Amino acid sequence: MGAAEQPDPDEPEATVRVRIGIAYDGTGFSGWAEQPGRRTVAGVLAEALGRVLRLPDAPRLTVAGRTDAGVHARGQVAHVDVAAGAWLAAASQRRRPAATATAAGPADAARTIARRLASALPPDVRVRSVELAAAGFDARFSALWRRYSYRVCDDVGRADPLRRNDTLWHFHALDITAMNAASATLLGEHDFAAFCKRRAGATTVRALRQLDWRRDDDGVVAGRVVADAFCHNMVRSLVGALLPVGEGTRPPSWPAAVLAAGVRDPSVRVAPPHGLCLEEVRYPADSLLAERAAQARQVRVLGGQC
C-alpha cells in the first residue's frame, strides 16, 4: 500500500479508513448485505469488528461487491471508517503485568487487530488482511474490475461430495467450445438489462472484459468472468444462458440475441449461487484511487464513461 493517513489519537474526532480483505464460505449466509433476523457476512463481520475495537455500535462496512445468499468469496474487499483512538487502543500490546502495556503503531495495530478478528469470527469467515487504506480509497467505487469463477461438474461419476458446496452438479455433458463461442459474443460494453435484476436508479450498462470456460485437471468446467462491475444476478444469469448452449439445446447465437432484446427473458434460468465465487478485486495505483472513485460514481450510459 502507498501512503495512508496516520491516525492521531490526540484528535477525538479523527477517523481512519481501514481496508479489509475477506474470504468466506457463503453456504450459511443470506448474502453479504445486512438483513434483520438473518445471518449475513456483513452482519457477522461488523459485530466482530465492534467487539474487537470496543465500539459503541457495530460499524458500517462498504464492500467491493455484494454477494447473494450462497455465493462464496476468496478476494472480497471492504472498508470501514473508525475512530483513530479506537483503532490504536484496540491494538495496544498488553502483557502481564498491565503496567508493561505499550502503545502500538499503525502497522502493529493492523497485525494485532487481524489476529483478534481471527479469534472473534466464525470459521466460515476469514479476514485475510487488515491495513490502513491509502488516501482516496473506496472499496466499491475505486475498483477497476471484479473477477468471479463458476464451477460446474457435468460428469455424475466424478462429482466430488467434498466440493458439493462450491460446485454445481450438472447432469448433462457440456460442450465448452460452444460455450466459449457464445461467450465471445457477449464481450464488451453493453446494456446487460437482459441479464440483470433491475434496481431503481441503477444502471445496467457494464463492460464485460472476459468470459470463458475450460476444464481443470479434475474435469470440472471452470468459468471465469471479469467486468468493471456487475449488476444484480448478472453473473448467474450469464451462466444460466450459457449452460443450455453447452448442452446443445440452444445455439451459440442465442445469448447474444437475448442481450440484444434488452429485457429479461424468462427462458434464461439464473444459475444456482453455490457454484459462484468472487475471486479478486483489482484497484489502480494509490495515486489514482480518488480519481477512479469519482469516475465510477457518475451515472453511466452506453458508450460513455462510468
# chains A, B, ... in the order shown; residues from 1 in each chain; ligands from 1
call {"tool": "residues_around", "arguments": {"residues": "Val130 (chain A)", "least_positions_apart": "6", "cutoff": "7 Å", "atoms": "only C-alpha atoms", "output": "list of chain:residue names"}}
result
A:Val18, A:Arg19, A:Ile20, A:Gly21, A:Ala110, A:Ala114
call {"tool": "write_last_selection", "arguments": {"atoms": "N, CA and C atoms", "output": "PDB file, in the first residue's frame"}}
result
ATOM      1  N   VAL A  18     -10.064   1.886   7.143  1.00  0.00           N
ATOM      2  CA  VAL A  18      -9.383   0.600   7.219  1.00  0.00           C
ATOM      3  C   VAL A  18      -9.817  -0.268   6.045  1.00  0.00           C
ATOM      4  N   ARG A  19      -8.854  -0.810   5.329  1.00  0.00           N
ATOM      5  CA  ARG A  19      -9.114  -1.714   4.208  1.00  0.00           C
ATOM      6  C   ARG A  19      -9.002  -3.155   4.695  1.00  0.00           C
ATOM      7  N   ILE A  20      -9.995  -3.969   4.361  1.00  0.00           N
ATOM      8  CA  ILE A  20     -10.066  -5.342   4.872  1.00  0.00           C
ATOM      9  C   ILE A  20     -10.225  -6.302   3.698  1.00  0.00           C
ATOM     10  N   GLY A  21      -9.376  -7.321   3.643  1.00  0.00           N
ATOM     11  CA  GLY A  21      -9.517  -8.403   2.676  1.00  0.00           C
ATOM     12  C   GLY A  21     -10.224  -9.578   3.334  1.00  0.00           C
ATOM     13  N   ALA A 110      -2.568  -2.975  12.793  1.00  0.00           N
ATOM     14  CA  ALA A 110      -3.185  -3.801  11.757  1.00  0.00           C
ATOM     15  C   ALA A 110      -2.972  -5.286  12.038  1.00  0.00           C
ATOM     16  N   ALA A 114      -5.984  -7.872  13.087  1.00  0.00           N
ATOM     17  CA  ALA A 114      -6.235  -9.033  12.228  1.00  0.00           C
ATOM     18  C   ALA A 114      -6.225 -10.325  13.049  1.00  0.00           C
TER      19      ALA A 114
END
call {"tool": "select_by_dssp", "arguments": {"residues": "region 52-278 of chain A", "states": "helix (DSSP H, G or I)", "output": "MDAnalysis selection string"}}
result
chainID A and resid 52:53 84:90 98:100 106:120 156:158 161:163 176:184 193:195 234:247 254:261 273:275
call {"tool": "residues_around", "arguments": {"residues": "Ala257 (chain A)", "least_positions_apart": "4", "cutoff": "10 Å", "atoms": "only C-alpha atoms", "output": "VMD selection string"}}
result
chain A and resid 185 to 186 194 252 to 253 261 to 262
call {"tool": "residues_around", "arguments": {"residues": "region 237-249 of chain A", "least_positions_apart": "5", "cutoff": "10 Å", "atoms": "only C-alpha atoms", "output": "number ranges by chain"}}
result
A: 150, 152, 154, 170-183, 186, 192, 194-197, 211, 223, 225, 232, 254-256, 258-259, 264-265, 267-272, 276
call {"tool": "write_last_selection", "arguments": {"atoms": "C-alpha atoms", "output": "mmCIF file, in the first residue's frame"}}
result
data_model
loop_
_atom_site.group_PDB
_atom_site.id
_atom_site.type_symbol
_atom_site.label_atom_id
_atom_site.label_comp_id
_atom_site.auth_asym_id
_atom_site.auth_seq_id
_atom_site.Cartn_x
_atom_site.Cartn_y
_atom_site.Cartn_z
ATOM 1 C CA TYR A 150 -18.132 -20.536 -11.585
ATOM 2 C CA VAL A 152 -19.698 -26.971 -12.892
ATOM 3 C CA ASP A 154 -21.021 -32.329 -15.710
ATOM 4 C CA HIS A 170 -24.994 -30.633 -13.797
ATOM 5 C CA PHE A 171 -26.464 -33.814 -15.239
ATOM 6 C CA HIS A 172 -25.853 -33.032 -18.921
ATOM 7 C CA ALA A 173 -22.473 -33.111 -20.656
ATOM 8 C CA LEU A 174 -21.267 -29.646 -21.664
ATOM 9 C CA ASP A 175 -19.544 -28.600 -24.875
ATOM 10 C CA ILE A 176 -17.197 -25.841 -23.708
ATOM 11 C CA THR A 177 -16.207 -24.965 -27.272
ATOM 12 C CA ALA A 178 -19.805 -23.958 -27.960
ATOM 13 C CA MET A 179 -19.977 -22.131 -24.615
ATOM 14 C CA ASN A 180 -16.825 -20.163 -25.426
ATOM 15 C CA ALA A 181 -18.170 -19.251 -28.854
ATOM 16 C CA ALA A 182 -21.351 -17.915 -27.254
ATOM 17 C CA SER A 183 -19.396 -16.140 -24.507
ATOM 18 C CA LEU A 186 -21.168 -11.001 -25.072
ATOM 19 C CA PHE A 192 -26.958 -6.025 -19.695
ATOM 20 C CA ALA A 194 -31.484 -8.801 -20.176
ATOM 21 C CA PHE A 195 -29.232 -10.499 -17.611
ATOM 22 C CA CYS A 196 -29.807 -8.295 -14.566
ATOM 23 C CA LYS A 197 -32.400 -7.855 -11.883
ATOM 24 C CA LEU A 211 -15.934 -14.649 -20.119
ATOM 25 C CA GLY A 223 -15.851 -20.356 -15.866
ATOM 26 C CA VAL A 225 -15.903 -13.777 -15.615
ATOM 27 C CA HIS A 232 -27.678 -7.908 -9.548
ATOM 28 C CA TRP A 254 -28.853 -17.361 -28.513
ATOM 29 C CA PRO A 255 -27.234 -15.469 -25.568
ATOM 30 C CA ALA A 256 -26.334 -12.564 -27.886
ATOM 31 C CA VAL A 258 -31.143 -12.294 -25.528
ATOM 32 C CA LEU A 259 -28.690 -9.466 -24.826
ATOM 33 C CA ARG A 264 -35.307 -10.132 -19.027
ATOM 34 C CA ASP A 265 -36.026 -13.380 -20.849
ATOM 35 C CA SER A 267 -36.269 -18.726 -20.519
ATOM 36 C CA VAL A 268 -32.901 -17.700 -19.018
ATOM 37 C CA ARG A 269 -32.613 -19.508 -15.723
ATOM 38 C CA VAL A 270 -30.472 -17.919 -13.029
ATOM 39 C CA ALA A 271 -27.785 -20.474 -12.180
ATOM 40 C CA PRO A 272 -27.619 -21.687 -8.555
ATOM 41 C CA LEU A 276 -20.078 -18.822 -7.841
#
call {"tool": "residues_around", "arguments": {"residues": "region 60-77 of chain A", "least_positions_apart": "3", "cutoff": "6 Å", "atoms": "only C-alpha atoms", "output": "list in words"}}
result
Ile20, Gly21, Ile22, Ala23, Tyr24, Asp25, Gly26, Thr27, Phe29, Ser30, Gly31, Trp32, Val80, Ala139, Arg140, Pro273, His274, Leu276, Cys277, Leu278, Glu279 and Glu280 of chain A
call {"tool": "closest_residue", "arguments": {"among": "A:Asp160, A:Asp191, A:Asp218, A:Glu131", "to": "Phe230 (chain A)", "atoms": "only C-alpha atoms"}}
result
A:Asp191
call {"tool": "atom_distance", "arguments": {"atom1": "CA of Trp87 (chain A)", "atom2": "CA of Ser287 (chain A)"}}
result
24.5 Å
call {"tool": "residues_around", "arguments": {"residues": "Ala58 (chain A)", "least_positions_apart": "2", "cutoff": "10 Å", "atoms": "only C-alpha atoms", "output": "ChimeraX atom specification"}}
result
/A:43-51,53-56,60-61
call {"tool": "select_by_dssp", "arguments": {"residues": "region 109-224 of chain A", "states": "strand (DSSP E)", "output": "ChimeraX atom specification"}}
result
/A:125-132,145-153,168-169,188-191,205-215,221-224
call {"tool": "closest_residue", "arguments": {"among": "A:Arg297, A:Arg17, A:Arg250, A:Arg292", "to": "Trp145 (chain A)", "atoms": "only C-alpha atoms"}}
result
A:Arg292
call {"tool": "atom_distance", "arguments": {"atom1": "CA of Ala285 (chain A)", "atom2": "CA of Gln210 (chain A)"}}
result
21.7 Å
